[in-house]
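Here is the structure we will look at, set down as structure tokens.
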Amino acid sequence: MVDKTTFTARYGSWGIVAGASQGIGAAYAEELASYGLNLVLVARRTELLQALATKLSERYKIETRIIALDLADPNAAEQIAETTKELEIGLLVYNAAFSAIGPFPERPLADHIKELNTNTFTPLKLIYLFAEKMLARGRGGMLLMSSLSAFQGSAYISTYAATKAFNIVLAEGLWEEWRERGVDVLVCVSGAVRTPNYVASEPEQTGGLGDMTMTPDQVVEEALNALGKGPYVIPGRMNRISSFIMRHLLPRKATVKFMGRILRGMYVK
Ligand SMILES: NC(=O)c1ccc[n+]([C@@H]2O[C@H](COP(=O)([O-])OP(=O)(O)OC[C@H]3O[C@@H](n4cnc5c(N)ncnc54)[C@H](OP(=O)(O)O)[C@@H]3O)[C@@H](O)[C@H]2O)c1
């Protein structure tokens, strides 16, 4: 369990949630607000951000700022760093992602590049821009969202899965570099979550695995509980078991084919 009473002492008084307007990001914002963390909420849709900021300020008596921008923009990270330079940012949660679902060449190249920008380039720059001050203070945290699809090649979401693999490997390396310097790094490797975006992607079947989807609140609770305890967390017992089998018991080729079968069933109409 997260110790809500010591959270702000551990991380500082301000946090950023990038990709906060709905789904898992909004759930991170609500949970962090309940710990008393002041929040900078980032996403594209101003109205959703404003409504969330107002709700959290009133309910939890915290300060909030909103930054409405496109995280695929090459200058997004610098804009966030510039807008927040007066604040002591102690926690960075990078939740936003773009996923171009479908047979690889049927999606325009621009979509694949947008996945790289949103899912790797901008979080890397944000981590870089906020790391120095956190390390100098000797306290802070970075939390990245990844996906079980990133543990192996994943057909029909190949670029997305590759960007999420980048996040796992980056977070693990930084965890090891910074764990004795007071800055916690965690990557949350999530299975399917019933977010507006997931539901809108209209997944059809899950390859006979049944419904293993989780709610945003469940994912956020497990992720924040794991912060400071190790480099990664897989929320959900069934996700941990299936991922263990796929990573450690099956040959990699079989895992790639199995994932392909699931994703074909979900997304190839
Ligand atoms: N849902 C799942 O099944 C699942 C499974 C595994 C991992 N994950 C990971 O969990 C994270 C959240 O997933 P989700 O399903 O909650 O995603 P989502 O519904 O698409 O929400 C993502 C949030 O990020 C914002 N966002 C997306 N693209 C943005 C951009 N270019 N610029 C600024 N803000 C942007 C969205 O707000 P705006 O639209 O207002 O900008 C929204 O607030 C992602 O990193 C995803 O890879 C999700």
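Residues in the structure tokens are named by chain (A, B, ... in the order shown) and by number from 1 within that chain; ligands are numbered from 1 in the order shown.
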inquiry  = Env of stretch 60-76 of chain A: 10 Å cut, atoms = only C-alpha atoms, seq-sep filter 6 positions within chain, self excluded. Answer as a ChimeraX atom specification.
reply    = /A:13-21,30,32-50,52-54,82-84,96-98,113-123,125-126
message = So that I can see what lies close to A:Gly182, please list as JSON, numbers by chain the residues with an atom at most 10 Å from it, counting only C-alpha atoms and leaving out residues fewer than 6 positions away in the same chain.
response = {"A": [10, 11, 134, 135, 136, 137, 138, 139, 140, 141, 228]}
Output file for the residues above (C-alpha atoms, as a PDB file, in the first residue's frame):
ATOM      1  CA  ARG A  10       9.164  11.459  -0.706  1.00  0.00           C
ATOM      2  CA  TYR A  11       8.528  12.996  -4.129  1.00  0.00           C
ATOM      3  CA  MET A 134      15.429  15.517  -9.338  1.00  0.00           C
ATOM      4  CA  LEU A 135      18.903  13.998  -9.062  1.00  0.00           C
ATOM      5  CA  ALA A 136      20.291  17.243  -7.627  1.00  0.00           C
ATOM      6  CA  ARG A 137      17.521  17.234  -4.988  1.00  0.00           C
ATOM      7  CA  GLY A 138      18.036  13.533  -4.308  1.00  0.00           C
ATOM      8  CA  ARG A 139      14.334  12.795  -4.588  1.00  0.00           C
ATOM      9  CA  GLY A 140      11.829  12.181  -7.336  1.00  0.00           C
ATOM     10  CA  GLY A 141      10.081   9.602  -9.448  1.00  0.00           C
ATOM     11  CA  GLY A 228      10.146   2.668  -5.397  1.00  0.00           C
TER      12      GLY A 228
END
Among the residues A:Arg181, A:Arg194, A:Arg59, A:His112, the one that comes closest to A:Gly23 [using only C-alpha atoms] =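 Of A:Arg181, A:Arg194, A:Arg59, A:His112, the one nearest A:Gly23 is A:Arg194, counting only C-alpha atoms.
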task = Identify all residues of stretch 60-227 of chain A in strand (DSSP E) (DSSP on the backbone) and supply them as a count of residues only.
result = 27
request  = Would you please give, as a ChimeraX atom specification, all residues of stretch 58-99 of chain A that DSSP assigns to alpha helix (DSSP H) based on the backbone?
outcome  = /A:58-60,76-83
The selected residues should be written to file as a compact mmCIF listing (two decimals), in the first residue's frame (atoms: N, CA, C and O atoms).
# COMPACT_ATOMS: atom_id res chain seq x y z
N GLU A 58 -11.11 20.95 -6.19
CA GLU A 58 -12.19 21.09 -5.19
C GLU A 58 -12.21 19.90 -4.24
O GLU A 58 -12.32 20.05 -3.03
N ARG A 59 -12.07 18.70 -4.81
CA ARG A 59 -12.22 17.49 -3.98
C ARG A 59 -11.03 17.29 -3.04
O ARG A 59 -11.21 16.89 -1.90
N TYR A 60 -9.82 17.57 -3.51
CA TYR A 60 -8.63 17.22 -2.71
C TYR A 60 -7.85 18.44 -2.22
O TYR A 60 -6.79 18.29 -1.61
N ALA A 76 7.16 19.47 -27.71
CA ALA A 76 6.24 19.35 -26.58
C ALA A 76 6.98 19.30 -25.24
O ALA A 76 6.58 19.98 -24.28
N ALA A 77 8.04 18.52 -25.17
CA ALA A 77 8.74 18.36 -23.88
C ALA A 77 9.32 19.69 -23.41
O ALA A 77 9.20 20.05 -22.24
N GLU A 78 9.92 20.43 -24.36
CA GLU A 78 10.50 21.73 -23.99
C GLU A 78 9.41 22.69 -23.51
O GLU A 78 9.60 23.45 -22.57
N GLN A 79 8.25 22.64 -24.19
CA GLN A 79 7.15 23.54 -23.77
C GLN A 79 6.69 23.21 -22.35
O GLN A 79 6.42 24.10 -21.55
N ILE A 80 6.61 21.93 -22.03
CA ILE A 80 6.18 21.53 -20.68
C ILE A 80 7.24 21.98 -19.66
O ILE A 80 6.90 22.54 -18.60
N ALA A 81 8.51 21.74 -19.99
CA ALA A 81 9.58 22.13 -19.05
C ALA A 81 9.57 23.64 -18.83
O ALA A 81 9.71 24.12 -17.69
N GLU A 82 9.37 24.40 -19.90
CA GLU A 82 9.37 25.86 -19.79
C GLU A 82 8.17 26.34 -18.96
O GLU A 82 8.32 27.17 -18.06
N THR A 83 6.99 25.77 -19.23
CA THR A 83 5.77 26.22 -18.53
C THR A 83 5.81 25.88 -17.04
O THR A 83 5.15 26.53 -16.24
message = Would you compute the distance between atom CA of A:Ala200 and atom CA of A:Lys257? Give it in Å to one decimal.
response =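 A separation of 25.2 Å between them.
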request  = Write out as JSON, numbers by chain each polymer residue whose atoms come within 12 Å of A:Asn225, counting only C-alpha atoms; drop sequence neighbours fewer than 2 positions from it.
outcome  = {"A": [1, 2, 3, 4, 7, 28, 31, 32, 143, 186, 188, 218, 219, 220, 221, 222, 223, 227, 228, 229, 230, 232, 233, 234, 235]}
request  = In Å, rounded to a single decimal, give me how far atom CA of A:Ser146 is from atom CA of A:Ala162.
outcome  =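 Taking atom CA of A:Ala162 and atom CA of A:Ser146, their separation equals 10.2 Å.
Taking only C-alpha atoms into account, A:Val183 lies nearest to A:Leu92 out of the set A:Val256, A:Leu92, A:Met238, A:Val169.
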task = Show which residues sit within 9 Å of A:Leu174, as a list in words. Count only C-alpha atoms, and ignore same-chain residues fewer than 6 positions away.
result = Asp184, Val185 and Pro231 of chain A
